[in-house]
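Asker: The structure follows.
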Amino acid sequence: MNPDDLKKLYEKRLGRYQAAIALEPVDRMPIAAGSNYFAEVFSGNTKQTTVYDPEKWLEAEMAFINAFPEVDVLRNNRIYAPLFDAVGCRTYKLPGRDLPPMTQFQFVEKEYMQADEYEVLIKDPVGFMLECFLPRVLGEVSKPGSKRTFIALLKGGMAQVQMAEVMKKRSIYLQTQCGMPQPMTGAFLAPFDVIGDAMRGLNGTIMDMYRQPDDLLSACDILIPEMANFALSTADPLKRYPIFVPTHKPMFLSPEQFDTFYWPSFKKTLEILIEAGYKVRAYLEGDWSAHWHHMLELPKGSVVCDIDNQGDIFKALEDIGHHQCIAGGIPDSMFIIGSPQEMRELVKRLCEAAGTEKSLLINGGCNIPYDTRPEMYRAMIDAILEYGTYDSGIEPEPKTVDLSPTRPKELTNYGMVTPWNTRSVELGKIQGDEDLICKTWEALEKMAYSWIWQWVL
């Protein structure tokens, strides 16, 4: 396919995906699995290969695209193992290092923040991260001031640049050589999940809800700008793709607990990103049925809600499908042990439930499992093409977005430890083009600031 045709294919796929997110008419339902683990192992790669060898990962995805050319977007992968190795990250066990090569990476949840440290976090979030959290979570920097720590920080910064380059090259290659968009770019966590996942752990956080609820709420509020800033610093600067957020702890919370501790800070973070011109793709992990009505409080067509296997996607379509794009519907078991006819029947039911009034992206429950049988994935695609085709007269086109710089008022002075206005005072009179110096200084400041916060994800 020549470059012009690939460009048209990319724009058609991207336009179809963007229209579905915005609840606008589409020619057909996008095939837009947001977390397609299956693509990574389709060509025979081990799970270790995916996280350690970007070239082999890309080769696997190319094989997948060739086998399933109807796919409209292909996931991006956040795990880059050399970065985790460089700093000795303790929150993840990786395939081939801590686990057998064919084992999925695992998150290690512990209390890396003590119950009496809320005040430290609230008063100085960055100071807490550098002086308390990172030395506990990153084994290679556990002895501040040591040679090993200094070298590890240097390696960690260089590995971050490597990772960014890997992801950039991959995205460009898939776009220009395959006409393939991404389902999302950039990521963040709900403030409650920052504390519940990486800092206090679920057990510690649940205890804090009863023992020190005000401290927990204050900490969630202080993390709003930190997570919004991290999301914007890692997002697609062209605003083509949604920003990704997995939601880990709502499944364990009652509606009252969710409404009190989780939703207020999460909602505010979402509103900041939406105000900045972005969509969000949220994995509603576990059973969100008691909570997903809150998505009606956000602007229409602003969030893709991935419904997990434990949730009832038909109820989600009924409750919020008129207001936000819904994704999911195929349980893991169907991909692994189902029959093509069963897949066809389920896809038909899902398409009928969505109709033309609601926007649905048929997908697995937040992922396509590694163990998916290729014939079942093919059966899903064929059924979507049969039952999810609406109006062939529609020609999907990418949306025109406002690319002027946006900095929500809530993020003033966030994203840097030493902004240029501080550094310029220290330097005194600038002899040449100050803007030229400022641009590079603050770009590096923002990269370093993002590096600090990525370790809560």
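Numbering starts fresh at 1 for the residues of each chain in the structure tokens, the chains themselves are lettered A, B, ... in the order given, and ligands are numbered from 1 as they appear.
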Could you give me, as a ChimeraX atom specification, each residue of region 42-251 of chain A that DSSP assigns to alpha helix (DSSP H) when run on this structure's backbone?

Answerer: /A:47-52,54-67,81-87,118-123,125-128,134-137,147-178,191-193,201-211,213-234

Asker: Please, could you write that set of residues out with C-alpha atoms as a compact mmCIF listing (two decimals), in the first residue's frame?

Answerer:
# COMPACT_ATOMS: atom_id res chain seq x y z
CA LYS A 47 5.74 -12.25 27.67
CA GLN A 48 9.36 -11.48 28.62
CA THR A 49 10.14 -10.66 24.99
CA THR A 50 7.33 -8.09 24.88
CA VAL A 51 8.55 -6.12 27.89
CA TYR A 52 12.28 -6.33 27.10
CA PRO A 54 10.73 -3.47 21.49
CA GLU A 55 11.67 -4.78 18.05
CA LYS A 56 10.23 -8.22 18.74
CA TRP A 57 7.14 -6.62 20.26
CA LEU A 58 6.60 -4.59 17.08
CA GLU A 59 7.17 -7.68 14.91
CA ALA A 60 4.47 -9.50 16.86
CA GLU A 61 2.05 -6.65 16.35
CA MET A 62 2.82 -6.54 12.63
CA ALA A 63 1.97 -10.23 12.38
CA PHE A 64 -1.26 -9.54 14.25
CA ILE A 65 -2.21 -6.64 11.96
CA ASN A 66 -1.55 -8.76 8.87
CA ALA A 67 -3.80 -11.49 10.23
CA ALA A 81 11.28 -3.61 31.71
CA PRO A 82 14.75 -1.96 31.35
CA LEU A 83 13.36 1.14 33.09
CA PHE A 84 12.15 -0.97 36.02
CA ASP A 85 15.49 -2.79 36.16
CA ALA A 86 17.52 0.42 36.11
CA VAL A 87 16.07 1.58 39.44
CA TYR A 118 -0.17 11.80 55.61
CA GLU A 119 0.90 15.19 56.90
CA VAL A 120 4.25 14.86 55.12
CA LEU A 121 2.53 13.95 51.83
CA ILE A 122 -0.02 16.74 52.13
CA LYS A 123 2.48 19.48 52.99
CA PRO A 125 4.06 15.88 47.84
CA VAL A 126 7.31 16.02 45.85
CA GLY A 127 9.44 16.05 49.01
CA PHE A 128 7.55 13.01 50.25
CA LEU A 134 11.05 6.41 46.13
CA PRO A 135 13.80 5.06 48.44
CA ARG A 136 11.33 2.41 49.61
CA VAL A 137 9.94 1.51 46.20
CA LYS A 147 27.23 6.22 44.42
CA ARG A 148 24.82 3.44 43.52
CA THR A 149 21.84 5.75 44.05
CA PHE A 150 23.32 8.51 41.89
CA ILE A 151 24.09 6.06 39.09
CA ALA A 152 20.63 4.49 39.36
CA LEU A 153 18.96 7.90 39.03
CA LEU A 154 21.07 8.62 35.95
CA LYS A 155 20.18 5.23 34.46
CA GLY A 156 16.52 5.76 35.32
CA GLY A 157 16.45 9.09 33.51
CA MET A 158 18.18 7.64 30.46
CA ALA A 159 15.84 4.63 30.45
CA GLN A 160 12.87 6.99 30.53
CA VAL A 161 14.20 8.69 27.39
CA GLN A 162 14.73 5.28 25.80
CA MET A 163 11.17 4.29 26.61
CA ALA A 164 9.79 7.51 25.17
CA GLU A 165 11.76 6.96 21.99
CA VAL A 166 10.56 3.36 21.71
CA MET A 167 6.94 4.40 22.06
CA LYS A 168 7.32 7.32 19.65
CA LYS A 169 8.98 5.21 16.95
CA ARG A 170 6.41 2.46 17.39
CA SER A 171 3.49 4.85 17.10
CA ILE A 172 4.93 6.52 14.00
CA TYR A 173 5.75 3.16 12.39
CA LEU A 174 2.27 1.76 12.98
CA GLN A 175 0.72 4.97 11.65
CA THR A 176 2.85 5.35 8.52
CA GLN A 177 3.46 1.70 7.64
CA CYS A 178 0.16 0.14 8.73
CA PRO A 191 -6.02 9.98 43.49
CA PHE A 192 -7.59 7.37 45.77
CA ASP A 193 -5.91 4.61 43.74
CA GLY A 201 -2.21 -0.54 49.92
CA LEU A 202 -5.85 -1.58 50.11
CA ASN A 203 -5.67 -2.82 53.70
CA GLY A 204 -4.02 0.34 55.00
CA THR A 205 -6.32 2.61 53.01
CA ILE A 206 -9.49 0.90 54.23
CA MET A 207 -8.25 1.28 57.82
CA ASP A 208 -7.53 4.97 57.15
CA MET A 209 -11.10 5.48 55.93
CA TYR A 210 -12.21 4.80 59.50
CA ARG A 211 -9.24 5.98 61.57
CA PRO A 213 -10.74 9.94 57.05
CA ASP A 214 -9.93 13.65 56.92
CA ASP A 215 -6.26 12.96 56.23
CA LEU A 216 -7.18 10.52 53.48
CA LEU A 217 -9.52 13.03 51.86
CA SER A 218 -6.92 15.81 52.08
CA ALA A 219 -4.31 13.54 50.49
CA CYS A 220 -6.69 12.70 47.62
CA ASP A 221 -7.27 16.41 47.05
CA ILE A 222 -3.55 17.20 47.04
CA LEU A 223 -2.99 14.48 44.43
CA ILE A 224 -5.53 15.90 41.95
CA PRO A 225 -3.10 18.33 40.27
CA GLU A 226 -0.28 15.79 40.44
CA MET A 227 -2.27 13.17 38.52
CA ALA A 228 -3.74 15.71 36.10
CA ASN A 229 -0.28 17.07 35.39
CA PHE A 230 1.15 13.58 34.86
CA ALA A 231 -1.69 12.73 32.50
CA LEU A 232 -1.19 15.86 30.41
CA SER A 233 2.59 15.48 30.32
CA THR A 234 2.25 11.96 28.87

Asker: Region 291-321 of chain A near region 267-285 of chain A within 9 Å: what's each residue's closest atom pair and its distance in Å to one decimal, counting only C-alpha atoms, ordered by chain then ascending residue number, as JSON lines?

Answerer:
{"residue": "A:Trp292", "atom": "CA", "partner": "A:Leu284", "partner_atom": "CA", "distance": 8.2}
{"residue": "A:His294", "atom": "CA", "partner": "A:Lys267", "partner_atom": "CA", "distance": 8.7}
{"residue": "A:Met295", "atom": "CA", "partner": "A:Lys267", "partner_atom": "CA", "distance": 8.9}
{"residue": "A:Glu297", "atom": "CA", "partner": "A:Lys267", "partner_atom": "CA", "distance": 8.6}
{"residue": "A:Leu298", "atom": "CA", "partner": "A:Glu271", "partner_atom": "CA", "distance": 7.4}
{"residue": "A:Pro299", "atom": "CA", "partner": "A:Ile274", "partner_atom": "CA", "distance": 8.2}
{"residue": "A:Gly301", "atom": "CA", "partner": "A:Lys279", "partner_atom": "CA", "distance": 8.1}
{"residue": "A:Ser302", "atom": "CA", "partner": "A:Lys279", "partner_atom": "CA", "distance": 5.0}
{"residue": "A:Val303", "atom": "CA", "partner": "A:Val280", "partner_atom": "CA", "distance": 4.8}
{"residue": "A:Val304", "atom": "CA", "partner": "A:Arg281", "partner_atom": "CA", "distance": 4.5}
{"residue": "A:Cys305", "atom": "CA", "partner": "A:Ala282", "partner_atom": "CA", "distance": 5.2}
{"residue": "A:Asp306", "atom": "CA", "partner": "A:Tyr283", "partner_atom": "CA", "distance": 4.8}
{"residue": "A:Ile307", "atom": "CA", "partner": "A:Leu284", "partner_atom": "CA", "distance": 5.5}
{"residue": "A:Asp308", "atom": "CA", "partner": "A:Glu285", "partner_atom": "CA", "distance": 5.3}
{"residue": "A:Asn309", "atom": "CA", "partner": "A:Glu285", "partner_atom": "CA", "distance": 8.3}
{"residue": "A:Gln310", "atom": "CA", "partner": "A:Glu285", "partner_atom": "CA", "distance": 8.1}
{"residue": "A:Gly311", "atom": "CA", "partner": "A:Glu285", "partner_atom": "CA", "distance": 8.4}

Asker: Can you spit out the residues from that selection as an mmCIF file, in the first residue's frame, using C-alpha atoms?

Answerer:
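Result file follows (selection_27.cif):
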data_model
loop_
_atom_site.group_PDB
_atom_site.id
_atom_site.type_symbol
_atom_site.label_atom_id
_atom_site.label_comp_id
_atom_site.auth_asym_id
_atom_site.auth_seq_id
_atom_site.Cartn_x
_atom_site.Cartn_y
_atom_site.Cartn_z
ATOM 1 C CA TRP A 292 -21.066 4.011 36.971
ATOM 2 C CA HIS A 294 -21.560 9.025 38.135
ATOM 3 C CA MET A 295 -20.310 9.035 34.546
ATOM 4 C CA GLU A 297 -22.047 13.889 35.663
ATOM 5 C CA LEU A 298 -19.300 14.339 33.055
ATOM 6 C CA PRO A 299 -19.770 15.910 29.607
ATOM 7 C CA GLY A 301 -19.056 11.682 24.919
ATOM 8 C CA SER A 302 -16.014 12.489 27.042
ATOM 9 C CA VAL A 303 -15.187 9.067 28.540
ATOM 10 C CA VAL A 304 -14.912 5.577 27.070
ATOM 11 C CA CYS A 305 -16.108 3.229 29.817
ATOM 12 C CA ASP A 306 -14.568 -0.242 29.517
ATOM 13 C CA ILE A 307 -16.811 -2.688 31.366
ATOM 14 C CA ASP A 308 -14.955 -5.567 33.032
ATOM 15 C CA ASN A 309 -16.061 -9.204 33.010
ATOM 16 C CA GLN A 310 -17.707 -8.840 36.429
ATOM 17 C CA GLY A 311 -19.924 -6.010 35.195
#

Asker: Could you please determine the separation between CA of Tyr112 (chain A) and CA of Phe133 (chain A) in Å, to one decimal place?

Answerer: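 Distance reported for this atom pair: 6.5 Å.
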
Asker: Could you tell me which of A:Ile384, A:Met180, A:Ile31, A:Ala39 comes closest to Glu352 (chain A) if we count only C-alpha atoms?

Answerer: A:Ile384

Asker: Quick check for you: according to DSSP on this backbone, which residues of region 87-207 of chain A are classed as strand (DSSP E or B)? Reply as a ChimeraX atom specification.

Answerer: /A:89,92-93,95,99,106-107,138,187

Asker: With N, CA and C atoms kept, could you save the residues just selected as a JSON list (two decimals), in the first residue's frame?

Answerer:
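Printed below is part21.json as written:
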[["chain", "number", "residue", "atom", "x", "y", "z"],
["A", 89, "CYS", "N", 12.83, -1.39, 40.65],
["A", 89, "CYS", "CA", 11.45, -1.17, 41.07],
["A", 89, "CYS", "C", 10.89, -2.40, 41.77],
["A", 92, "TYR", "N", 6.75, -4.17, 40.93],
["A", 92, "TYR", "CA", 6.41, -5.09, 39.85],
["A", 92, "TYR", "C", 7.34, -6.29, 39.84],
["A", 93, "LYS", "N", 6.77, -7.47, 39.61],
["A", 93, "LYS", "CA", 7.53, -8.65, 39.26],
["A", 93, "LYS", "C", 7.39, -8.85, 37.76],
["A", 95, "PRO", "N", 8.20, -10.81, 33.95],
["A", 95, "PRO", "CA", 8.46, -12.11, 33.31],
["A", 95, "PRO", "C", 9.90, -12.21, 32.85],
["A", 99, "LEU", "N", 9.78, -13.90, 37.33],
["A", 99, "LEU", "CA", 8.75, -14.87, 36.99],
["A", 99, "LEU", "C", 9.16, -15.63, 35.73],
["A", 106, "GLN", "N", 3.35, -8.88, 37.40],
["A", 106, "GLN", "CA", 2.50, -8.81, 38.58],
["A", 106, "GLN", "C", 2.83, -7.56, 39.39],
["A", 107, "PHE", "N", 1.79, -6.94, 39.93],
["A", 107, "PHE", "CA", 1.96, -5.79, 40.81],
["A", 107, "PHE", "C", 2.06, -6.27, 42.25],
["A", 138, "LEU", "N", 12.05, 1.98, 45.07],
["A", 138, "LEU", "CA", 13.13, 1.75, 44.10],
["A", 138, "LEU", "C", 14.37, 1.27, 44.84],
["A", 187, "ALA", "N", -1.34, 8.41, 30.66],
["A", 187, "ALA", "CA", -2.02, 7.63, 31.70],
["A", 187, "ALA", "C", -1.98, 8.38, 33.02]]

Asker: Residues at most 10 Å from Thr418 (chain A), counting only C-alpha atoms, excluding those fewer than 5 positions away in the same chain, as a PyMOL selection string?

Answerer: chain A and resi 413+423+441-442+445-446+449

Asker: Okay, now the selection with C-alpha atoms, as a compact mmCIF listing (two decimals), in the first residue's frame?

Answerer:
# COMPACT_ATOMS: atom_id res chain seq x y z
CA ASN A 413 3.12 26.07 38.68
CA ARG A 423 16.04 29.96 37.86
CA TRP A 441 14.87 24.32 30.88
CA GLU A 442 11.17 23.81 31.56
CA GLU A 445 11.97 20.06 34.44
CA LYS A 446 8.66 18.57 33.33
CA TYR A 449 8.81 15.80 37.44

Asker: Quick one: residues within 8 Å of Arg13 (chain A), only C-alpha atoms counted, chain neighbours fewer than 5 positions away excluded, as a list in words?

Answerer: Pro30, Asp72, Val73, Gly179, Met180, Pro181 and Pro396 of chain A

Asker: For each of A:Gly88, A:Pro369, A:Pro331, A:Pro264, take the minimum atom-to-atom distance to Glu140 (chain A), counting only C-alpha atoms, then give the residue where this is smallest.

Answerer: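 Under the stated criterion, the closest residue is A:Gly88.
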
Asker: Residues near Lys399 (chain A), anyone? I mean within 10 Å using only C-alpha atoms, not counting same-chain ones fewer than 4 positions away, as a PyMOL selection string.

Answerer: chain A and resi 11+14-16+18-19+239-240

Asker: Those same residues, written as an mmCIF file, in the first residue's frame with C-alpha atoms?

Answerer:
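Saved the output as part_19.cif:
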data_model
loop_
_atom_site.group_PDB
_atom_site.id
_atom_site.type_symbol
_atom_site.label_atom_id
_atom_site.label_comp_id
_atom_site.auth_asym_id
_atom_site.auth_seq_id
_atom_site.Cartn_x
_atom_site.Cartn_y
_atom_site.Cartn_z
ATOM 1 C CA GLU A 11 -7.507 8.798 9.018
ATOM 2 C CA LEU A 14 -9.014 7.286 13.598
ATOM 3 C CA GLY A 15 -12.130 9.161 12.487
ATOM 4 C CA ARG A 16 -14.306 6.102 13.092
ATOM 5 C CA GLN A 18 -13.173 9.339 17.492
ATOM 6 C CA ALA A 19 -16.765 9.486 16.262
ATOM 7 C CA LYS A 239 -5.120 15.302 21.157
ATOM 8 C CA ARG A 240 -5.997 12.463 18.814
#

Asker: Just to confirm, what's the straight-line distance from CA of Trp455 (chain A) to CA of Arg200 (chain A) in Å (one decimal)?

Answerer: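 According to the coordinates, CA of Trp455 (chain A) and CA of Arg200 (chain A) are separated by 13.9 Å.
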
Asker: Could you check the closest approach to Ala353 (chain A) for each of A:Gly145, A:Pro374, A:Gly338, A:Gly388 and tell me which residue wins, using only C-alpha atoms?

Answerer: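 Among the listed residues, A:Gly388 lies closest to Ala353 (chain A).
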
Asker: Please provide the set of residues having any atom within 8 Å of Met199 (chain A), restricted to only C-alpha atoms, with same-chain residues fewer than 5 positions apart removed, written as a PyMOL selection string.

Answerer: chain A and resi 110-113+133+194+456

Asker: Those residues you just picked out, can you put them in a file as a PDB file, in the first residue's frame with N, CA and C atoms?

Answerer:
ATOM      1  N   LYS A 110       2.105  -3.259  48.748  1.00  0.00           N
ATOM      2  CA  LYS A 110       2.542  -3.214  50.140  1.00  0.00           C
ATOM      3  C   LYS A 110       2.303  -1.807  50.688  1.00  0.00           C
ATOM      4  N   GLU A 111       2.525  -1.650  51.989  1.00  0.00           N
ATOM      5  CA  GLU A 111       2.400  -0.329  52.606  1.00  0.00           C
ATOM      6  C   GLU A 111       3.749   0.382  52.523  1.00  0.00           C
ATOM      7  N   TYR A 112       3.927   1.106  51.407  1.00  0.00           N
ATOM      8  CA  TYR A 112       5.166   1.859  51.222  1.00  0.00           C
ATOM      9  C   TYR A 112       5.086   3.248  51.862  1.00  0.00           C
ATOM     10  N   MET A 113       3.918   3.589  52.372  1.00  0.00           N
ATOM     11  CA  MET A 113       3.717   4.829  53.121  1.00  0.00           C
ATOM     12  C   MET A 113       3.135   4.454  54.473  1.00  0.00           C
ATOM     13  N   PHE A 133       9.054   7.961  49.693  1.00  0.00           N
ATOM     14  CA  PHE A 133       8.449   6.921  48.861  1.00  0.00           C
ATOM     15  C   PHE A 133       9.449   6.237  47.934  1.00  0.00           C
ATOM     16  N   VAL A 194      -3.924   6.050  43.822  1.00  0.00           N
ATOM     17  CA  VAL A 194      -2.510   6.313  44.109  1.00  0.00           C
ATOM     18  C   VAL A 194      -2.188   5.866  45.527  1.00  0.00           C
ATOM     19  N   VAL A 456       4.049   5.673  40.946  1.00  0.00           N
ATOM     20  CA  VAL A 456       2.836   5.344  41.681  1.00  0.00           C
ATOM     21  C   VAL A 456       1.878   4.541  40.803  1.00  0.00           C
TER      22      VAL A 456
END

Asker: Looking at only C-alpha atoms, which of A:Ser392, A:Gln104, A:Ser333, A:Gln324 is the one that sits closest to Ala354 (chain A)?

Answerer: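 Answer, going by the shortest atom-to-atom distance: A:Gln324.
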
Asker: Residues at most 9 Å from Ala327 (chain A), counting only C-alpha atoms, excluding those fewer than 6 positions away in the same chain, as a PyMOL selection string?

Answerer: chain A and resi 32-34+304-308+313+359-366

Asker: Measuring atom to atom with only C-alpha atoms, identify which of A:Glu434, A:Asp382, A:Met343, A:Ala443 is nearest to Pro69 (chain A).

Answerer: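 That would be A:Asp382, the residue with the smallest distance to Pro69 (chain A).
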
Asker: Would you work out the distance separating CA of Ile368 (chain A) from CA of Asn36 (chain A), expressed in Å to one decimal?

Answerer: 4.9 Å

Asker: Choose the residue, out of A:Ile320, A:Met380, A:Ala235, A:Ile437, that has the smallest atom-to-atom separation from Asn421 (chain A); count only C-alpha atoms.

Answerer: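 Ranking A:Ile320, A:Met380, A:Ala235, A:Ile437 by distance to Asn421 (chain A), first place goes to A:Ile437.
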